[in-house]
Amino acid sequence: MFIDRVEIKIKAGNGGNGHTSFLRDKNTQRGGPNGGDGGKGGDIVFIGSTRADNLIDFRYNHEFKAEDGINGRPMNKSGSNGKDLEIHVPLGTKVLNMDGGLLADIVEKDQKYLALRGGGGGQGNAKYATARRQTPNFSQHGITTAMHTVVLELNCIADVGLVGFPNVGKSSLLSIVSRANPKIGNYPFTTLHPNIGVYSKGSQTIIFADIPGLIEGASNGVGLGIDFLKHINRTRLLVHIIEEESQIQIIKKELENFSSDLVKRPRILVQNKIDVNEKIKGCDFYISCATREGIDELMNHIAKQVSLLPKPNESQTTAILEVAIDKNKFEVFVDAEGVYTATGPMIDNLIRGVVLSDTESAAYFHRRLDKSGVIEALKNLGMIDGDTVQVADTQFIWRD
């Protein structure tokens with residue numbers, strides 16, 4: 001089975017929580033806070049691999065999560081960082097967001113794309129000790145990461161694309177000149193997915209792709225449609241194989257309808273089956289896969305042409321999937337029941353480092369709300385003494 005497009009969910013690891021503890025030692029008269037920091041969560045990293053030529057490994061496995069960071073411990077011991085999760089994808093894989101935007105184009109072996117960063121670990125209470133606050137009874141929670149959905153789309157990496165109607169001999173030629181062993185038969189759509197083969201001549205290596213699905217109307221969804229036409233986007237040279245003259249213009253039109261760039265791509269027109277058919281005028285080469293007539297001359301020409309053609313420019317965008325967040329941003333509103341609510345990145349970041357059940361920590365929390373303008377914004381909405389305020393998962397009664 002050949003799969004060239006999948007939708008998967010990815011999630012970086014959560015940060016570990018900071019620890020709250022105090023030194024307890026019979027030999028220490030005045031022990032202080034010694035809670036360690038939480039570890040960072042693991043990243044999500046895509047890596048280019050030659051171990052597979054399609055996305056079938058993702059057929060049943062659609063969810064990928066990196067390891068969470070470990071919580072901090074007493075005695076100022078930090079928790080371990082979570083392990084990064086490496087997702088191996090075939091060369092030619094594009095990572096897209098759900099709007100179709102390109103995040104990364106993975107075209108080289110071992111090329112890495114950092115898609116998601118793990119959540120930061122929370123600070124232990126030892127980090128909150130100051131001259132005025134010598135026994136902080138709170139620590140910071142690690143950052144919780146969000147699940148994201150991305151699309152993986154494979155565009156085969158090949159130097160030469162073999163195009164033409166079904167049964168014209170593309171698969172036969174590929175099997176002769178390379179180590180590929182495609183299924184070959186005399187019926188429509190023998191090839192149901194792109195076959196890749198490697199041809200070697202001296203120090204030169206050429207990758208061939210046999211592209212199925214090209215018949216009249218393919219660009220409009222006839223037959224296999226345009227499902228596999230995208231696999232010739234990266235090729236430097238097209239080898240158009242025919243056995244009838246009428247096929248020349250039909251295939252040219254389908255390529256042009258799919259992409260105006262493809263019809264401008266360097267092309268070699270080859271007639272196959274000359275052992276049973278008369279030669280068609282205007283072809284560049286005449287071959288017979290059955291008798292192997294003309295194949296050596298064709299391959300010598302292809303090798304020379306490929307050596308002279310530049311590789312197409314690959315877009316290797318490496319945009320981190322997470323959207324930049326303004327940590328000072330917040331918003332306030334009042335619901336129908338009269339509960340005043342403050343939300344946003346600033347609130348999320350603040351609530352990580354407080355324990356509202358602790359008097360000192362709660363006082364620090366209220367000071368931060370006041371200095372950041374949250375209290376003023378709530379009062380502008382009409383909040384007065386005795387009203388209920390919701391911050392994150394905590395409700396409290398406002399007192400002036």
# chains A, B, ... in the order shown; residues from 1 in each chain; ligands from 1
$ closest_atom_pairs --of "stretch 82-118 of chain A" --to "stretch 60-71 of chain A" --cutoff "6 Å" --atoms "only C-alpha atoms" --output "CSV"
residue,atom,partner,partner_atom,distance
A:Gly82,CA,A:Gly69,CA,4.3
A:Lys83,CA,A:Glu67,CA,5.3
A:Asp84,CA,A:Ala66,CA,5.7
A:Leu85,CA,A:Ala66,CA,4.9
$ atom_distance --atom1 "atom CA of A:Glu153" --atom2 "atom CA of A:Ser175"
26.3 Å
$ residues_around --residues "A:Ala146" --least-positions-apart "4" --cutoff "12 Å" --atoms "only C-alpha atoms" --output "list in words"
Lys9, Ile10, Lys11, Ala12, Gly13, Asn14, Gly15, Gly41, Lys65, Ala66, Leu116, Arg117, Gly118, Gly119, Leu321, Glu322 and Val323 of chain A
$ write_last_selection --atoms "C-alpha atoms" --output "PDB file, in the first residue's frame"
ATOM      1  CA  LYS A   9      -1.508  14.950  15.989  1.00  0.00           C
ATOM      2  CA  ILE A  10       1.674  15.974  17.780  1.00  0.00           C
ATOM      3  CA  LYS A  11       2.298  17.217  21.307  1.00  0.00           C
ATOM      4  CA  ALA A  12       5.507  18.303  22.981  1.00  0.00           C
ATOM      5  CA  GLY A  13       6.125  17.200  26.544  1.00  0.00           C
ATOM      6  CA  ASN A  14       4.786  19.161  29.501  1.00  0.00           C
ATOM      7  CA  GLY A  15       7.267  20.832  31.793  1.00  0.00           C
ATOM      8  CA  GLY A  41       9.400  18.656  28.365  1.00  0.00           C
ATOM      9  CA  LYS A  65       3.604  12.757  22.237  1.00  0.00           C
ATOM     10  CA  ALA A  66       7.029  13.619  23.572  1.00  0.00           C
ATOM     11  CA  LEU A 116       7.328  21.884  18.801  1.00  0.00           C
ATOM     12  CA  ARG A 117       9.388  22.861  21.834  1.00  0.00           C
ATOM     13  CA  GLY A 118       8.725  21.134  25.115  1.00  0.00           C
ATOM     14  CA  GLY A 119       7.186  23.079  27.975  1.00  0.00           C
ATOM     15  CA  LEU A 321       4.530  25.364  14.760  1.00  0.00           C
ATOM     16  CA  GLU A 322       3.747  27.176  17.998  1.00  0.00           C
ATOM     17  CA  VAL A 323       2.482  30.707  17.487  1.00  0.00           C
TER      18      VAL A 323
END
$ residues_around --residues "stretch 244-247 of chain A" --least-positions-apart "6" --cutoff "10 Å" --atoms "only C-alpha atoms" --output "list in words"
Gly164, Phe165, Val168, Ile215, Glu216, Lys253, Gln271, Asn272, Lys273, Asn277, Glu278, Lys279, Ile280, Lys281, Gly282 and Cys283 of chain A
$ closest_residue --among "A:Lys201, A:Lys109, A:Arg73, A:Arg24" --to "A:Asp296" --atoms "only C-alpha atoms"
A:Lys201
$ closest_residue --among "A:Arg399, A:Lys311, A:Arg367, A:Lys264" --to "A:Arg236" --atoms "only C-alpha atoms"
A:Lys311
